[in-house]
Amino acid sequence: MDQPDLDARLHRQALLALDRINSVSLTAGQIWREMMKRLAWGKSGPRARQIAEPAEYSVLDVACGSGGLLLDLWKRAARAGVRLRLAGCDISGTALAVARQQAETRNTKVDFQQIDVTEEPFARQYDFVISSLFLHHLSDEQAAALLRRMADAARLAVIITDLRRSRLGYYYAWLGTRLLCRSAVAQIDGPRSVARAFTMEEVQRLAEQAGLTSATVQRSWPQRFILRWWRLGDG
């Protein structure tokens, strides 16, 4: 899926397959719970009375792909009565075209931007900066640099979920991509992604290298990790 010359039709199929896999993996629910934990802490934390609660919260999804994660978060926020202002960025024009189409179909407003997040800065700050299934595409140096820039752009929290490198994770990826989708690209890319993914210890080390010394890295289902970093100083 990383290949810039990948046929657009095959790319779209793989992106939609990834949305289905993320749905089965409960990715949006995991990120939503982490967002709610941060908001709950902000309302009861030591500086809660000094800070006015914003009317809405901004969310940036880094390497957003087809935008499925943002659309799922939007539905959860609507049910909970939380207002979100959504943005997503990706290097792929094909992915962003699919994302815009999906957002329009669901009558959801999302600000999609085409940027190379390994080279270009984020346009502004956001309350939450999130990412799913992207970190494993990067080298150690690129991953640490991205973590640092995500933290700089986050007013409240950085939340990242990705694959864990493990034998069981490889088996899950191989089996899951064959049960859940017909995309040949996704079926090839899934196991390969696990093979080049980070372990939890490696992610923790990268976070510390990036200056996110208070970040926590925990296991999440199925064979994934979730990294959480809060900007505590801003309440």
# chains A, B, ... in the order shown; residues from 1 in each chain; ligands from 1
call {"tool": "select_by_dssp", "arguments": {"residues": "region 103-227 of chain A", "states": "strand (DSSP E)", "output": "PyMOL selection string"}}
result
chain A and resi 110-114+126-132+154-163+216-220+224-227
call {"tool": "write_last_selection", "arguments": {"atoms": "N, CA and C atoms", "output": "compact mmCIF listing (two decimals), in the first residue's frame"}}
result
# COMPACT_ATOMS: atom_id res chain seq x y z
N VAL A 110 -14.97 17.27 7.48
CA VAL A 110 -13.60 16.96 7.87
C VAL A 110 -12.65 17.78 7.00
N ASP A 111 -11.66 18.38 7.61
CA ASP A 111 -10.64 19.13 6.89
C ASP A 111 -9.50 18.19 6.53
N PHE A 112 -9.47 17.72 5.30
CA PHE A 112 -8.42 16.81 4.86
C PHE A 112 -7.30 17.58 4.17
N GLN A 113 -6.04 17.23 4.51
CA GLN A 113 -4.87 17.92 3.97
C GLN A 113 -3.89 16.88 3.43
N GLN A 114 -3.30 17.18 2.29
CA GLN A 114 -2.30 16.28 1.71
C GLN A 114 -0.92 16.78 2.07
N TYR A 126 -3.85 21.09 17.68
CA TYR A 126 -5.13 20.42 17.85
C TYR A 126 -5.20 19.91 19.29
N ASP A 127 -6.42 19.74 19.80
CA ASP A 127 -6.55 19.22 21.15
C ASP A 127 -6.02 17.78 21.23
N PHE A 128 -6.42 16.96 20.26
CA PHE A 128 -5.97 15.58 20.22
C PHE A 128 -5.29 15.31 18.88
N VAL A 129 -4.11 14.73 18.92
CA VAL A 129 -3.41 14.29 17.72
C VAL A 129 -3.31 12.77 17.81
N ILE A 130 -3.92 12.09 16.85
CA ILE A 130 -4.04 10.64 16.92
C ILE A 130 -3.45 10.01 15.66
N SER A 131 -3.21 8.72 15.72
CA SER A 131 -2.75 7.99 14.53
C SER A 131 -2.98 6.50 14.76
N SER A 132 -3.27 5.80 13.66
CA SER A 132 -3.52 4.37 13.73
C SER A 132 -2.82 3.66 12.58
N ALA A 154 -0.07 18.89 19.92
CA ALA A 154 -1.21 18.46 20.73
C ALA A 154 -1.38 19.34 21.97
N ARG A 155 -2.55 19.92 22.11
CA ARG A 155 -2.84 20.71 23.32
C ARG A 155 -3.15 19.81 24.51
N LEU A 156 -3.80 18.69 24.26
CA LEU A 156 -4.23 17.82 25.35
C LEU A 156 -3.54 16.45 25.35
N ALA A 157 -3.52 15.78 24.19
CA ALA A 157 -3.01 14.41 24.22
C ALA A 157 -2.61 13.92 22.84
N VAL A 158 -1.67 12.99 22.84
CA VAL A 158 -1.31 12.20 21.66
C VAL A 158 -1.76 10.76 21.95
N ILE A 159 -2.46 10.16 20.98
CA ILE A 159 -2.92 8.79 21.14
C ILE A 159 -2.58 8.04 19.86
N ILE A 160 -1.83 6.96 19.98
CA ILE A 160 -1.39 6.18 18.82
C ILE A 160 -1.68 4.72 19.07
N THR A 161 -2.24 4.06 18.09
CA THR A 161 -2.42 2.61 18.16
C THR A 161 -1.79 1.99 16.94
N ASP A 162 -1.13 0.86 17.13
CA ASP A 162 -0.45 0.20 16.02
C ASP A 162 -0.25 -1.28 16.34
N LEU A 163 0.28 -1.98 15.36
CA LEU A 163 0.57 -3.40 15.49
C LEU A 163 1.76 -3.63 16.42
N THR A 216 2.77 6.42 28.16
CA THR A 216 2.55 5.03 28.55
C THR A 216 2.24 4.21 27.30
N VAL A 217 2.72 2.98 27.28
CA VAL A 217 2.47 2.07 26.17
C VAL A 217 1.86 0.80 26.76
N GLN A 218 0.67 0.45 26.31
CA GLN A 218 -0.04 -0.70 26.85
C GLN A 218 -0.50 -1.62 25.73
N ARG A 219 -0.70 -2.89 26.06
CA ARG A 219 -1.24 -3.84 25.10
C ARG A 219 -2.70 -3.50 24.82
N SER A 220 -3.12 -3.74 23.58
CA SER A 220 -4.53 -3.61 23.23
C SER A 220 -4.89 -4.73 22.27
N ARG A 224 -2.07 -5.53 19.46
CA ARG A 224 -1.67 -4.15 19.16
C ARG A 224 -1.19 -3.49 20.44
N PHE A 225 -0.71 -2.26 20.30
CA PHE A 225 -0.39 -1.45 21.47
C PHE A 225 -1.11 -0.11 21.32
N ILE A 226 -1.27 0.57 22.44
CA ILE A 226 -1.79 1.93 22.41
C ILE A 226 -0.85 2.80 23.24
N LEU A 227 -0.36 3.85 22.61
CA LEU A 227 0.52 4.81 23.27
C LEU A 227 -0.30 6.03 23.65
call {"tool": "residues_around", "arguments": {"residues": "Leu180 (chain A)", "least_positions_apart": "5", "cutoff": "8 Å", "atoms": "only C-alpha atoms", "output": "mmCIF file with N, CA and C atoms, in the first residue's frame"}}
result
data_model
loop_
_atom_site.group_PDB
_atom_site.id
_atom_site.type_symbol
_atom_site.label_atom_id
_atom_site.label_comp_id
_atom_site.auth_asym_id
_atom_site.auth_seq_id
_atom_site.Cartn_x
_atom_site.Cartn_y
_atom_site.Cartn_z
ATOM 1 N N ALA A 17 -10.659 -2.178 2.951
ATOM 2 C CA ALA A 17 -10.385 -3.386 3.727
ATOM 3 C C ALA A 17 -9.791 -3.023 5.083
ATOM 4 N N ARG A 20 -12.411 -1.977 7.483
ATOM 5 C CA ARG A 20 -13.134 -3.112 8.057
ATOM 6 C C ARG A 20 -12.315 -3.784 9.154
ATOM 7 N N ILE A 21 -11.020 -3.938 8.906
ATOM 8 C CA ILE A 21 -10.141 -4.555 9.903
ATOM 9 C C ILE A 21 -10.086 -3.701 11.170
#
call {"tool": "residues_around", "arguments": {"residues": "region 117-125 of chain A", "least_positions_apart": "3", "cutoff": "9 Å", "atoms": "only C-alpha atoms", "output": "PDB file with C-alpha atoms, in the first residue's frame"}}
result
ATOM      1  CA  SER A  58     -10.225  19.486  17.579  1.00  0.00           C
ATOM      2  CA  LEU A  60      -6.075  15.509  13.848  1.00  0.00           C
ATOM      3  CA  VAL A  62      -2.102  11.603  11.159  1.00  0.00           C
ATOM      4  CA  ALA A  63      -1.870   9.380   8.068  1.00  0.00           C
ATOM      5  CA  CYS A  89      -3.716  14.363   6.772  1.00  0.00           C
ATOM      6  CA  ASP A  90      -2.145  11.846   4.430  1.00  0.00           C
ATOM      7  CA  ILE A  91       0.487  11.781   1.689  1.00  0.00           C
ATOM      8  CA  PHE A 128      -5.971  15.577  20.215  1.00  0.00           C
ATOM      9  CA  VAL A 129      -3.413  14.291  17.721  1.00  0.00           C
ATOM     10  CA  LEU A 138       8.705   4.441   9.661  1.00  0.00           C
ATOM     11  CA  GLN A 142      11.396   8.948  11.546  1.00  0.00           C
ATOM     12  CA  ALA A 143       9.146   7.516  14.250  1.00  0.00           C
ATOM     13  CA  ALA A 145      10.733  12.671  15.013  1.00  0.00           C
ATOM     14  CA  LEU A 146       7.034  12.184  14.275  1.00  0.00           C
ATOM     15  CA  ARG A 149       6.080  16.758  16.286  1.00  0.00           C
ATOM     16  CA  MET A 150       2.762  15.179  17.242  1.00  0.00           C
ATOM     17  CA  ASP A 152       4.266  19.699  19.846  1.00  0.00           C
ATOM     18  CA  ALA A 153       0.964  19.933  17.949  1.00  0.00           C
ATOM     19  CA  ALA A 154      -1.205  18.457  20.734  1.00  0.00           C
ATOM     20  CA  ARG A 155      -2.841  20.713  23.317  1.00  0.00           C
TER      21      ARG A 155
END
call {"tool": "residues_around", "arguments": {"residues": "Ser23 (chain A)", "least_positions_apart": "2", "cutoff": "12 Å", "atoms": "only C-alpha atoms", "output": "NGL selection string"}}
result
:A and (16-21 or 25-30 or 68-73 or 132 or 180 or 221-222)
call {"tool": "closest_atom_pairs", "arguments": {"of": "region 52-167 of chain A", "to": "region 185-196 of chain A", "cutoff": "12 Å", "atoms": "only C-alpha atoms", "output": "JSON lines"}}
result
{"residue": "A:Leu133", "atom": "CA", "partner": "A:Ser193", "partner_atom": "CA", "distance": 8.8}
{"residue": "A:Phe134", "atom": "CA", "partner": "A:Ser193", "partner_atom": "CA", "distance": 9.5}
{"residue": "A:Leu135", "atom": "CA", "partner": "A:Arg196", "partner_atom": "CA", "distance": 10.1}
{"residue": "A:His136", "atom": "CA", "partner": "A:Arg196", "partner_atom": "CA", "distance": 6.3}
{"residue": "A:His137", "atom": "CA", "partner": "A:Ser193", "partner_atom": "CA", "distance": 7.6}
{"residue": "A:Leu138", "atom": "CA", "partner": "A:Arg196", "partner_atom": "CA", "distance": 9.2}
{"residue": "A:Ser139", "atom": "CA", "partner": "A:Arg196", "partner_atom": "CA", "distance": 9.6}
{"residue": "A:Asp140", "atom": "CA", "partner": "A:Arg196", "partner_atom": "CA", "distance": 11.2}
{"residue": "A:Asp162", "atom": "CA", "partner": "A:Val194", "partner_atom": "CA", "distance": 9.3}
{"residue": "A:Leu163", "atom": "CA", "partner": "A:Val194", "partner_atom": "CA", "distance": 6.1}
{"residue": "A:Arg164", "atom": "CA", "partner": "A:Val194", "partner_atom": "CA", "distance": 6.5}
{"residue": "A:Arg165", "atom": "CA", "partner": "A:Val194", "partner_atom": "CA", "distance": 5.2}
{"residue": "A:Ser166", "atom": "CA", "partner": "A:Val194", "partner_atom": "CA", "distance": 7.2}
{"residue": "A:Arg167", "atom": "CA", "partner": "A:Ala195", "partner_atom": "CA", "distance": 8.6}
call {"tool": "write_last_selection", "arguments": {"atoms": "N, CA and C atoms", "output": "PDB file, in the first residue's frame"}}
result
ATOM      1  N   LEU A 133      -2.085   2.606  12.903  1.00  0.00           N
ATOM      2  CA  LEU A 133      -1.439   1.739  11.907  1.00  0.00           C
ATOM      3  C   LEU A 133      -0.533   2.505  10.940  1.00  0.00           C
ATOM      4  N   PHE A 134       0.223   3.445  11.492  1.00  0.00           N
ATOM      5  CA  PHE A 134       1.159   4.181  10.641  1.00  0.00           C
ATOM      6  C   PHE A 134       2.596   4.105  11.131  1.00  0.00           C
ATOM      7  N   LEU A 135       2.792   4.051  12.426  1.00  0.00           N
ATOM      8  CA  LEU A 135       4.141   4.134  12.981  1.00  0.00           C
ATOM      9  C   LEU A 135       5.051   3.032  12.432  1.00  0.00           C
ATOM     10  N   HIS A 136       4.492   1.870  12.166  1.00  0.00           N
ATOM     11  CA  HIS A 136       5.324   0.743  11.710  1.00  0.00           C
ATOM     12  C   HIS A 136       5.881   0.955  10.301  1.00  0.00           C
ATOM     13  N   HIS A 137       5.383   1.940   9.580  1.00  0.00           N
ATOM     14  CA  HIS A 137       5.914   2.247   8.254  1.00  0.00           C
ATOM     15  C   HIS A 137       7.220   3.046   8.327  1.00  0.00           C
ATOM     16  N   LEU A 138       7.601   3.495   9.513  1.00  0.00           N
ATOM     17  CA  LEU A 138       8.705   4.441   9.661  1.00  0.00           C
ATOM     18  C   LEU A 138       9.946   3.785  10.251  1.00  0.00           C
ATOM     19  N   SER A 139      11.092   4.393   9.980  1.00  0.00           N
ATOM     20  CA  SER A 139      12.334   3.999  10.644  1.00  0.00           C
ATOM     21  C   SER A 139      12.313   4.513  12.076  1.00  0.00           C
ATOM     22  N   ASP A 140      13.257   4.058  12.889  1.00  0.00           N
ATOM     23  CA  ASP A 140      13.346   4.539  14.269  1.00  0.00           C
ATOM     24  C   ASP A 140      13.457   6.057  14.311  1.00  0.00           C
ATOM     25  N   ASP A 162      -1.130   0.858  17.134  1.00  0.00           N
ATOM     26  CA  ASP A 162      -0.451   0.197  16.016  1.00  0.00           C
ATOM     27  C   ASP A 162      -0.246  -1.276  16.340  1.00  0.00           C
ATOM     28  N   LEU A 163       0.281  -1.983  15.356  1.00  0.00           N
ATOM     29  CA  LEU A 163       0.574  -3.405  15.488  1.00  0.00           C
ATOM     30  C   LEU A 163       1.761  -3.630  16.419  1.00  0.00           C
ATOM     31  N   ARG A 164       1.752  -4.800  17.084  1.00  0.00           N
ATOM     32  CA  ARG A 164       2.913  -5.241  17.843  1.00  0.00           C
ATOM     33  C   ARG A 164       3.599  -6.358  17.078  1.00  0.00           C
ATOM     34  N   ARG A 165       4.902  -6.326  17.023  1.00  0.00           N
ATOM     35  CA  ARG A 165       5.638  -7.391  16.350  1.00  0.00           C
ATOM     36  C   ARG A 165       5.658  -8.637  17.228  1.00  0.00           C
ATOM     37  N   SER A 166       5.000  -9.663  16.768  1.00  0.00           N
ATOM     38  CA  SER A 166       4.959 -10.928  17.511  1.00  0.00           C
ATOM     39  C   SER A 166       4.531 -12.041  16.571  1.00  0.00           C
ATOM     40  N   ARG A 167       4.830 -13.272  16.939  1.00  0.00           N
ATOM     41  CA  ARG A 167       4.425 -14.413  16.115  1.00  0.00           C
ATOM     42  C   ARG A 167       2.909 -14.526  16.054  1.00  0.00           C
TER      43      ARG A 167
END
call {"tool": "residues_around", "arguments": {"residues": "Ser214 (chain A)", "least_positions_apart": "6", "cutoff": "12 Å", "atoms": "only C-alpha atoms", "output": "number ranges by chain"}}
result
A: 151, 157-158, 204-205, 207-208, 227-233
call {"tool": "select_by_dssp", "arguments": {"residues": "region 154-194 of chain A", "states": "helix (DSSP H, G or I)", "output": "JSON list (two decimals) with all heavy atoms, in the first residue's frame"}}
result
[["chain", "number", "residue", "atom", "x", "y", "z"],
["A", 167, "ARG", "N", 4.83, -13.27, 16.94],
["A", 167, "ARG", "CA", 4.43, -14.41, 16.11],
["A", 167, "ARG", "C", 2.91, -14.53, 16.05],
["A", 167, "ARG", "O", 2.33, -14.79, 14.99],
["A", 167, "ARG", "CB", 5.02, -15.70, 16.68],
["A", 167, "ARG", "CG", 6.53, -15.82, 16.52],
["A", 167, "ARG", "CD", 7.03, -17.14, 17.04],
["A", 167, "ARG", "NE", 8.49, -17.26, 16.89],
["A", 167, "ARG", "CZ", 9.19, -18.30, 17.28],
["A", 167, "ARG", "NH1", 8.58, -19.34, 17.84],
["A", 167, "ARG", "NH2", 10.50, -18.33, 17.10],
["A", 168, "LEU", "N", 2.26, -14.33, 17.20],
["A", 168, "LEU", "CA", 0.80, -14.41, 17.22],
["A", 168, "LEU", "C", 0.18, -13.29, 16.39],
["A", 168, "LEU", "O", -0.81, -13.50, 15.68],
["A", 168, "LEU", "CB", 0.29, -14.34, 18.66],
["A", 168, "LEU", "CG", -1.22, -14.54, 18.86],
["A", 168, "LEU", "CD1", -1.66, -15.88, 18.28],
["A", 168, "LEU", "CD2", -1.57, -14.44, 20.35],
["A", 169, "GLY", "N", 0.77, -12.09, 16.47],
["A", 169, "GLY", "CA", 0.28, -10.98, 15.66],
["A", 169, "GLY", "C", 0.39, -11.26, 14.18],
["A", 169, "GLY", "O", -0.50, -10.91, 13.40],
["A", 170, "TYR", "N", 1.49, -11.90, 13.78],
["A", 170, "TYR", "CA", 1.67, -12.27, 12.37],
["A", 170, "TYR", "C", 0.58, -13.25, 11.93],
["A", 170, "TYR", "O", 0.00, -13.10, 10.85],
["A", 170, "TYR", "CB", 3.05, -12.88, 12.18],
["A", 170, "TYR", "CG", 3.42, -13.13, 10.73],
["A", 170, "TYR", "CD1", 4.12, -12.18, 10.00],
["A", 170, "TYR", "CD2", 3.06, -14.32, 10.11],
["A", 170, "TYR", "CE1", 4.45, -12.41, 8.66],
["A", 170, "TYR", "CE2", 3.38, -14.57, 8.78],
["A", 170, "TYR", "CZ", 4.08, -13.60, 8.07],
["A", 170, "TYR", "OH", 4.39, -13.83, 6.75],
["A", 171, "TYR", "N", 0.30, -14.22, 12.79],
["A", 171, "TYR", "CA", -0.75, -15.20, 12.46],
["A", 171, "TYR", "C", -2.11, -14.52, 12.37],
["A", 171, "TYR", "O", -2.88, -14.77, 11.43],
["A", 171, "TYR", "CB", -0.77, -16.30, 13.52],
["A", 171, "TYR", "CG", -1.94, -17.25, 13.39],
["A", 171, "TYR", "CD1", -1.96, -18.22, 12.39],
["A", 171, "TYR", "CD2", -3.02, -17.15, 14.26],
["A", 171, "TYR", "CE1", -3.05, -19.09, 12.27],
["A", 171, "TYR", "CE2", -4.11, -18.01, 14.14],
["A", 171, "TYR", "CZ", -4.12, -18.97, 13.14],
["A", 171, "TYR", "OH", -5.19, -19.80, 13.02],
["A", 172, "TYR", "N", -2.43, -13.65, 13.34],
["A", 172, "TYR", "CA", -3.70, -12.92, 13.30],
["A", 172, "TYR", "C", -3.82, -12.11, 12.03],
["A", 172, "TYR", "O", -4.89, -12.05, 11.41],
["A", 172, "TYR", "CB", -3.80, -11.99, 14.50],
["A", 172, "TYR", "CG", -4.24, -12.65, 15.80],
["A", 172, "TYR", "CD1", -4.50, -14.01, 15.86],
["A", 172, "TYR", "CD2", -4.39, -11.89, 16.95],
["A", 172, "TYR", "CE1", -4.90, -14.60, 17.04],
["A", 172, "TYR", "CE2", -4.80, -12.47, 18.14],
["A", 172, "TYR", "CZ", -5.05, -13.83, 18.18],
["A", 172, "TYR", "OH", -5.46, -14.41, 19.35],
["A", 173, "ALA", "N", -2.74, -11.43, 11.63],
["A", 173, "ALA", "CA", -2.78, -10.59, 10.43],
["A", 173, "ALA", "C", -3.00, -11.44, 9.19],
["A", 173, "ALA", "O", -3.78, -11.07, 8.29],
["A", 173, "ALA", "CB", -1.49, -9.78, 10.31],
["A", 174, "TRP", "N", -2.30, -12.57, 9.13],
["A", 174, "TRP", "CA", -2.46, -13.45, 7.96],
["A", 174, "TRP", "C", -3.89, -13.96, 7.87],
["A", 174, "TRP", "O", -4.52, -13.93, 6.81],
["A", 174, "TRP", "CB", -1.48, -14.62, 8.07],
["A", 174, "TRP", "CG", -1.45, -15.49, 6.84],
["A", 174, "TRP", "CD1", -0.62, -15.38, 5.76],
["A", 174, "TRP", "CD2", -2.32, -16.61, 6.56],
["A", 174, "TRP", "NE1", -0.90, -16.35, 4.83],
["A", 174, "TRP", "CE2", -1.95, -17.11, 5.29],
["A", 174, "TRP", "CE3", -3.37, -17.22, 7.26],
["A", 174, "TRP", "CZ2", -2.58, -18.20, 4.71],
["A", 174, "TRP", "CZ3", -4.01, -18.31, 6.67],
["A", 174, "TRP", "CH2", -3.61, -18.78, 5.41],
["A", 175, "LEU", "N", -4.42, -14.46, 9.00],
["A", 175, "LEU", "CA", -5.76, -15.03, 8.99],
["A", 175, "LEU", "C", -6.83, -13.96, 8.84],
["A", 175, "LEU", "O", -7.78, -14.11, 8.06],
["A", 175, "LEU", "CB", -5.98, -15.81, 10.28],
["A", 175, "LEU", "CG", -7.33, -16.53, 10.44],
["A", 175, "LEU", "CD1", -7.48, -17.60, 9.35],
["A", 175, "LEU", "CD2", -7.44, -17.15, 11.82],
["A", 176, "GLY", "N", -6.67, -12.86, 9.56],
["A", 176, "GLY", "CA", -7.68, -11.81, 9.56],
["A", 176, "GLY", "C", -7.88, -11.17, 8.21],
["A", 176, "GLY", "O", -9.01, -10.91, 7.78],
["A", 177, "THR", "N", -6.78, -10.90, 7.51],
["A", 177, "THR", "CA", -6.92, -10.27, 6.20],
["A", 177, "THR", "C", -7.59, -11.19, 5.19],
["A", 177, "THR", "O", -8.22, -10.71, 4.23],
["A", 177, "THR", "CB", -5.54, -9.83, 5.66],
["A", 177, "THR", "OG1", -4.63, -10.94, 5.68],
["A", 177, "THR", "CG2", -4.97, -8.69, 6.48],
["A", 178, "ARG", "N", -7.50, -12.49, 5.40],
["A", 178, "ARG", "CA", -8.14, -13.43, 4.49],
["A", 178, "ARG", "C", -9.60, -13.67, 4.84],
["A", 178, "ARG", "O", -10.42, -13.95, 3.95],
["A", 178, "ARG", "CB", -7.36, -14.75, 4.46],
["A", 178, "ARG", "CG", -6.10, -14.62, 3.60],
["A", 178, "ARG", "CD", -4.98, -15.52, 3.99],
["A", 178, "ARG", "NE", -3.83, -15.31, 3.10],
["A", 178, "ARG", "CZ", -2.97, -14.30, 3.23],
["A", 178, "ARG", "NH1", -3.12, -13.41, 4.21],
["A", 178, "ARG", "NH2", -1.97, -14.17, 2.39],
["A", 179, "LEU", "N", -9.94, -13.54, 6.09],
["A", 179, "LEU", "CA", -11.33, -13.72, 6.51],
["A", 179, "LEU", "C", -12.17, -12.46, 6.30],
["A", 179, "LEU", "O", -13.37, -12.54, 6.01],
["A", 179, "LEU", "CB", -11.39, -14.12, 7.99],
["A", 179, "LEU", "CG", -10.88, -15.52, 8.35],
["A", 179, "LEU", "CD1", -10.93, -15.70, 9.86],
["A", 179, "LEU", "CD2", -11.70, -16.59, 7.65],
["A", 180, "LEU", "N", -11.54, -11.29, 6.46],
["A", 180, "LEU", "CA", -12.30, -10.05, 6.50],
["A", 180, "LEU", "C", -12.33, -9.27, 5.19],
["A", 180, "LEU", "O", -13.11, -8.33, 5.05],
["A", 180, "LEU", "CB", -11.74, -9.14, 7.60],
["A", 180, "LEU", "CG", -11.85, -9.67, 9.02],
["A", 180, "LEU", "CD1", -11.11, -8.77, 9.99],
["A", 180, "LEU", "CD2", -13.32, -9.79, 9.42],
["A", 184, "ALA", "N", -6.19, -8.25, -2.31],
["A", 184, "ALA", "CA", -4.90, -8.94, -2.35],
["A", 184, "ALA", "C", -3.80, -8.07, -1.75],
["A", 184, "ALA", "O", -2.86, -8.57, -1.11],
["A", 184, "ALA", "CB", -4.56, -9.30, -3.80],
["A", 185, "VAL", "N", -3.92, -6.76, -1.95],
["A", 185, "VAL", "CA", -2.92, -5.84, -1.39],
["A", 185, "VAL", "C", -2.94, -5.91, 0.13],
["A", 185, "VAL", "O", -1.89, -6.00, 0.78],
["A", 185, "VAL", "CB", -3.18, -4.40, -1.87],
["A", 185, "VAL", "CG1", -2.23, -3.42, -1.18],
["A", 185, "VAL", "CG2", -3.03, -4.31, -3.39],
["A", 186, "ALA", "N", -4.13, -5.87, 0.73],
["A", 186, "ALA", "CA", -4.24, -5.93, 2.19],
["A", 186, "ALA", "C", -3.75, -7.28, 2.72],
["A", 186, "ALA", "O", -3.12, -7.35, 3.78],
["A", 186, "ALA", "CB", -5.68, -5.69, 2.61],
["A", 187, "GLN", "N", -4.02, -8.34, 1.98],
["A", 187, "GLN", "CA", -3.60, -9.67, 2.42],
["A", 187, "GLN", "C", -2.08, -9.82, 2.42],
["A", 187, "GLN", "O", -1.53, -10.53, 3.25],
["A", 187, "GLN", "CB", -4.25, -10.73, 1.53],
["A", 187, "GLN", "CG", -5.75, -10.84, 1.73],
["A", 187, "GLN", "CD", -6.42, -11.77, 0.74],
["A", 187, "GLN", "OE1", -5.76, -12.31, -0.15],
["A", 187, "GLN", "NE2", -7.72, -11.97, 0.88],
["A", 188, "ILE", "N", -1.43, -9.15, 1.50],
["A", 188, "ILE", "CA", 0.04, -9.15, 1.47],
["A", 188, "ILE", "C", 0.59, -8.19, 2.51],
["A", 188, "ILE", "O", 1.54, -8.50, 3.24],
["A", 188, "ILE", "CB", 0.55, -8.78, 0.06],
["A", 188, "ILE", "CG1", 0.17, -9.86, -0.95],
["A", 188, "ILE", "CG2", 2.06, -8.57, 0.07],
["A", 188, "ILE", "CD1", 0.44, -9.49, -2.39],
["A", 189, "ASP", "N", -0.02, -7.00, 2.59],
["A", 189, "ASP", "CA", 0.51, -5.93, 3.42],
["A", 189, "ASP", "C", 0.36, -6.23, 4.92],
["A", 189, "ASP", "O", 1.23, -5.84, 5.72],
["A", 189, "ASP", "CB", -0.21, -4.62, 3.08],
["A", 189, "ASP", "CG", 0.51, -3.40, 3.63],
["A", 189, "ASP", "OD1", 1.69, -3.21, 3.31],
["A", 189, "ASP", "OD2", -0.12, -2.64, 4.40],
["A", 190, "GLY", "N", -0.73, -6.92, 5.29],
["A", 190, "GLY", "CA", -0.99, -7.15, 6.71],
["A", 190, "GLY", "C", 0.13, -7.89, 7.43],
["A", 190, "GLY", "O", 0.73, -7.37, 8.38],
["A", 191, "PRO", "N", 0.46, -9.12, 7.01],
["A", 191, "PRO", "CA", 1.55, -9.84, 7.67],
["A", 191, "PRO", "C", 2.90, -9.12, 7.57],
["A", 191, "PRO", "O", 3.69, -9.14, 8.52],
["A", 191, "PRO", "CB", 1.58, -11.19, 6.93],
["A", 191, "PRO", "CG", 0.20, -11.34, 6.39],
["A", 191, "PRO", "CD", -0.24, -9.96, 6.03],
["A", 192, "ARG", "N", 3.17, -8.50, 6.43],
["A", 192, "ARG", "CA", 4.42, -7.77, 6.29],
["A", 192, "ARG", "C", 4.49, -6.61, 7.27],
["A", 192, "ARG", "O", 5.57, -6.30, 7.80],
["A", 192, "ARG", "CB", 4.56, -7.23, 4.86],
["A", 192, "ARG", "CG", 4.89, -8.30, 3.81],
["A", 192, "ARG", "CD", 5.07, -7.68, 2.45],
["A", 192, "ARG", "NE", 5.44, -8.67, 1.44],
["A", 192, "ARG", "CZ", 5.61, -8.39, 0.16],
["A", 192, "ARG", "NH1", 5.45, -7.14, -0.27],
["A", 192, "ARG", "NH2", 5.94, -9.34, -0.69],
["A", 193, "SER", "N", 3.36, -5.97, 7.53],
["A", 193, "SER", "CA", 3.33, -4.85, 8.47],
["A", 193, "SER", "C", 3.68, -5.32, 9.88],
["A", 193, "SER", "O", 4.40, -4.64, 10.62],
["A", 193, "SER", "CB", 1.95, -4.19, 8.45],
["A", 193, "SER", "OG", 1.71, -3.56, 7.21],
["A", 194, "VAL", "N", 3.16, -6.49, 10.27],
["A", 194, "VAL", "CA", 3.48, -7.02, 11.59],
["A", 194, "VAL", "C", 4.97, -7.33, 11.68],
["A", 194, "VAL", "O", 5.62, -7.05, 12.70],
["A", 194, "VAL", "CB", 2.65, -8.29, 11.88],
["A", 194, "VAL", "CG1", 3.10, -8.92, 13.20],
["A", 194, "VAL", "CG2", 1.17, -7.97, 11.93]]
call {"tool": "residues_around", "arguments": {"residues": "Leu84 (chain A)", "least_positions_apart": "6", "cutoff": "9 Å", "atoms": "only C-alpha atoms", "output": "PDB file with N, CA and C atoms, in the first residue's frame"}}
result
ATOM      1  N   ALA A  55     -15.897  24.859  23.580  1.00  0.00           N
ATOM      2  CA  ALA A  55     -17.192  24.433  23.046  1.00  0.00           C
ATOM      3  C   ALA A  55     -17.055  23.162  22.220  1.00  0.00           C
ATOM      4  N   GLU A  56     -15.885  22.945  21.632  1.00  0.00           N
ATOM      5  CA  GLU A  56     -15.632  21.745  20.855  1.00  0.00           C
ATOM      6  C   GLU A  56     -14.147  21.405  20.932  1.00  0.00           C
ATOM      7  N   TYR A  57     -13.838  20.188  20.578  1.00  0.00           N
ATOM      8  CA  TYR A  57     -12.460  19.723  20.637  1.00  0.00           C
ATOM      9  C   TYR A  57     -11.992  19.360  19.227  1.00  0.00           C
ATOM     10  N   SER A  58     -10.775  19.762  18.905  1.00  0.00           N
ATOM     11  CA  SER A  58     -10.225  19.486  17.579  1.00  0.00           C
ATOM     12  C   SER A  58      -9.401  18.211  17.618  1.00  0.00           C
ATOM     13  N   VAL A  59      -9.490  17.435  16.532  1.00  0.00           N
ATOM     14  CA  VAL A  59      -8.805  16.150  16.421  1.00  0.00           C
ATOM     15  C   VAL A  59      -8.104  16.087  15.074  1.00  0.00           C
ATOM     16  N   LEU A  73     -15.198   8.119  15.102  1.00  0.00           N
ATOM     17  CA  LEU A  73     -15.122   9.001  16.272  1.00  0.00           C
ATOM     18  C   LEU A  73     -16.240  10.034  16.254  1.00  0.00           C
ATOM     19  N   TRP A  74     -16.573  10.525  15.067  1.00  0.00           N
ATOM     20  CA  TRP A  74     -17.654  11.503  14.942  1.00  0.00           C
ATOM     21  C   TRP A  74     -18.978  10.922  15.441  1.00  0.00           C
ATOM     22  N   ALA A  77     -18.891  10.644  19.235  1.00  0.00           N
ATOM     23  CA  ALA A  77     -19.009  11.956  19.857  1.00  0.00           C
ATOM     24  C   ALA A  77     -20.440  12.463  19.798  1.00  0.00           C
ATOM     25  N   ALA A  78     -21.112  12.251  18.675  1.00  0.00           N
ATOM     26  CA  ALA A  78     -22.499  12.690  18.531  1.00  0.00           C
ATOM     27  C   ALA A  78     -23.394  12.002  19.554  1.00  0.00           C
TER      28      ALA A  78
END
